Amino acid sequence: MLVEDFAEMCRLYENFEIWDVENMDAFFKGNFVLTTIFEDKYKIPIADFNQKRSEIKETNMQIIETVLDYVGDKSFYIFTHHNENHLELIKMQQQKIMNFGVDINNIKNDHVYVVIMDKKLSEAN
């Protein structure tokens, strides 16, 4: 599930980690469930992804968002260098609302990043 308004909603989550997604190959190697979701949603075998990439009108980040939105047991907040979500995380780190274990300012311009988290059980019900 994708999370919006992370600054307001972060207290509802725990077990945070940041996944640095270098490229689409790295994304699909992250977990076999992601390839299954992609193949079901886009009707393209993962082995043919690079060859048939031009048939998908979405950007890589949009594909990542679409696939992650189908993962039911985790929650995700996606960002790239200096997009709106990244700027929100920088602000949260500067205000000491969140500690990401890394300097969230220093990320690579050409990677997609995903905050992976679990919904707190006491808040989920």
# chains A, B, ... in the order shown; residues from 1 in each chain; ligands from 1

$ residues_around --residues "Phe49 of chain A" --least-positions-apart "5" --cutoff "12 Å" --atoms "only C-alpha atoms" --output "ChimeraX atom specification"
/A:24-25,28,35,38-39,42-44,54-56,60,63

$ residues_around --residues "His81 of chain A" --least-positions-apart "3" --cutoff "10 Å" --atoms "only C-alpha atoms" --output "list in words"
Glu84, Asn85, His86, Leu87, Ile104, Asn105, Asn106, Ile107, Lys108, Asn109, Asp110, His111, Val112 and Tyr113 of chain A

$ atom_distance --atom1 "atom CA of Phe27 of chain A" --atom2 "atom CA of Ile64 of chain A"
7.8 Å

$ atom_distance --atom1 "atom CA of Phe79 of chain A" --atom2 "atom CA of Val115 of chain A"
8.2 Å

$ residues_around --residues "Asp103 of chain A" --least-positions-apart "4" --cutoff "9 Å" --atoms "only C-alpha atoms" --output "list in words"
Ile90, Gln93, Asn99 and Ile107 of chain A

$ residues_around --residues "Asn15 of chain A" --least-positions-apart "5" --cutoff "10 Å" --atoms "only C-alpha atoms" --output "PyMOL selection string"
chain A and resi 115-120

$ select_by_dssp --residues "chain A" --states "strand (DSSP E or B)" --output "number ranges by chain"
A: 2, 13-21, 75-80, 112-119

$ write_last_selection --atoms "N, CA and C atoms" --output "PDB file, in the first residue's frame"
ATOM      1  N   LEU A   2       0.586   2.178  -0.847  1.00  0.00           N
ATOM      2  CA  LEU A   2       1.312   3.434  -0.891  1.00  0.00           C
ATOM      3  C   LEU A   2       0.776   4.379   0.172  1.00  0.00           C
ATOM      4  N   TYR A  13       3.195   3.925  11.715  1.00  0.00           N
ATOM      5  CA  TYR A  13       4.046   2.884  11.139  1.00  0.00           C
ATOM      6  C   TYR A  13       5.273   2.638  11.991  1.00  0.00           C
ATOM      7  N   GLU A  14       5.896   1.476  11.753  1.00  0.00           N
ATOM      8  CA  GLU A  14       7.116   1.089  12.455  1.00  0.00           C
ATOM      9  C   GLU A  14       7.980   0.239  11.532  1.00  0.00           C
ATOM     10  N   ASN A  15       9.156  -0.139  12.007  1.00  0.00           N
ATOM     11  CA  ASN A  15      10.080  -1.000  11.241  1.00  0.00           C
ATOM     12  C   ASN A  15      10.447  -0.379   9.893  1.00  0.00           C
ATOM     13  N   PHE A  16      10.890   0.851   9.922  1.00  0.00           N
ATOM     14  CA  PHE A  16      11.229   1.585   8.701  1.00  0.00           C
ATOM     15  C   PHE A  16      12.559   1.105   8.124  1.00  0.00           C
ATOM     16  N   GLU A  17      12.609   1.018   6.822  1.00  0.00           N
ATOM     17  CA  GLU A  17      13.876   0.820   6.126  1.00  0.00           C
ATOM     18  C   GLU A  17      13.790   1.529   4.785  1.00  0.00           C
ATOM     19  N   ILE A  18      14.936   1.929   4.272  1.00  0.00           N
ATOM     20  CA  ILE A  18      14.978   2.614   2.985  1.00  0.00           C
ATOM     21  C   ILE A  18      15.629   1.695   1.972  1.00  0.00           C
ATOM     22  N   TRP A  19      14.932   1.485   0.871  1.00  0.00           N
ATOM     23  CA  TRP A  19      15.412   0.642  -0.212  1.00  0.00           C
ATOM     24  C   TRP A  19      15.867   1.549  -1.351  1.00  0.00           C
ATOM     25  N   ASP A  20      17.123   1.436  -1.708  1.00  0.00           N
ATOM     26  CA  ASP A  20      17.719   2.177  -2.815  1.00  0.00           C
ATOM     27  C   ASP A  20      17.549   1.328  -4.070  1.00  0.00           C
ATOM     28  N   VAL A  21      16.662   1.759  -4.970  1.00  0.00           N
ATOM     29  CA  VAL A  21      16.365   1.003  -6.186  1.00  0.00           C
ATOM     30  C   VAL A  21      17.176   1.624  -7.330  1.00  0.00           C
ATOM     31  N   SER A  75       3.791  -1.308   3.735  1.00  0.00           N
ATOM     32  CA  SER A  75       3.408   0.020   3.254  1.00  0.00           C
ATOM     33  C   SER A  75       4.656   0.697   2.707  1.00  0.00           C
ATOM     34  N   PHE A  76       4.459   1.623   1.751  1.00  0.00           N
ATOM     35  CA  PHE A  76       5.578   2.207   1.032  1.00  0.00           C
ATOM     36  C   PHE A  76       5.387   3.710   0.832  1.00  0.00           C
ATOM     37  N   TYR A  77       6.517   4.414   0.849  1.00  0.00           N
ATOM     38  CA  TYR A  77       6.563   5.840   0.538  1.00  0.00           C
ATOM     39  C   TYR A  77       7.716   6.008  -0.444  1.00  0.00           C
ATOM     40  N   ILE A  78       7.430   6.419  -1.646  1.00  0.00           N
ATOM     41  CA  ILE A  78       8.399   6.442  -2.734  1.00  0.00           C
ATOM     42  C   ILE A  78       8.885   7.869  -2.972  1.00  0.00           C
ATOM     43  N   PHE A  79      10.198   7.985  -3.213  1.00  0.00           N
ATOM     44  CA  PHE A  79      10.747   9.305  -3.492  1.00  0.00           C
ATOM     45  C   PHE A  79      11.969   9.214  -4.395  1.00  0.00           C
ATOM     46  N   THR A  80      12.261  10.321  -5.036  1.00  0.00           N
ATOM     47  CA  THR A  80      13.458  10.485  -5.847  1.00  0.00           C
ATOM     48  C   THR A  80      14.120  11.786  -5.424  1.00  0.00           C
ATOM     49  N   VAL A 112      15.571   5.528  -7.569  1.00  0.00           N
ATOM     50  CA  VAL A 112      14.288   5.649  -6.882  1.00  0.00           C
ATOM     51  C   VAL A 112      14.495   5.053  -5.499  1.00  0.00           C
ATOM     52  N   TYR A 113      13.908   5.667  -4.511  1.00  0.00           N
ATOM     53  CA  TYR A 113      14.024   5.186  -3.136  1.00  0.00           C
ATOM     54  C   TYR A 113      12.638   4.870  -2.597  1.00  0.00           C
ATOM     55  N   VAL A 114      12.594   3.840  -1.764  1.00  0.00           N
ATOM     56  CA  VAL A 114      11.325   3.413  -1.200  1.00  0.00           C
ATOM     57  C   VAL A 114      11.493   3.254   0.309  1.00  0.00           C
ATOM     58  N   VAL A 115      10.679   3.978   1.067  1.00  0.00           N
ATOM     59  CA  VAL A 115      10.611   3.733   2.508  1.00  0.00           C
ATOM     60  C   VAL A 115       9.637   2.568   2.666  1.00  0.00           C
ATOM     61  N   ILE A 116      10.126   1.498   3.269  1.00  0.00           N
ATOM     62  CA  ILE A 116       9.312   0.307   3.522  1.00  0.00           C
ATOM     63  C   ILE A 116       8.993   0.298   5.007  1.00  0.00           C
ATOM     64  N   MET A 117       7.735   0.050   5.343  1.00  0.00           N
ATOM     65  CA  MET A 117       7.339   0.092   6.749  1.00  0.00           C
ATOM     66  C   MET A 117       6.145  -0.817   6.992  1.00  0.00           C
ATOM     67  N   ASP A 118       5.930  -1.099   8.256  1.00  0.00           N
ATOM     68  CA  ASP A 118       4.790  -1.902   8.692  1.00  0.00           C
ATOM     69  C   ASP A 118       3.806  -1.020   9.430  1.00  0.00           C
ATOM     70  N   LYS A 119       2.545  -1.274   9.203  1.00  0.00           N
ATOM     71  CA  LYS A 119       1.497  -0.585   9.959  1.00  0.00           C
ATOM     72  C   LYS A 119       1.548  -1.120  11.393  1.00  0.00           C
TER      73      LYS A 119
END

$ atom_distance --atom1 "atom CA of Leu34 of chain A" --atom2 "atom CA of Leu68 of chain A"
7.4 Å

$ select_by_dssp --residues "chain A" --states "helix (DSSP H, G or I)" --output "PyMOL selection string"
chain A and resi 6-12+24-29+32-42+46-55+60-69+84-94+121-124

$ closest_residue --among "A:Met61, A:Met1, A:Ile97, A:Val71" --to "Asn83 of chain A" --atoms "only C-alpha atoms"
A:Met61
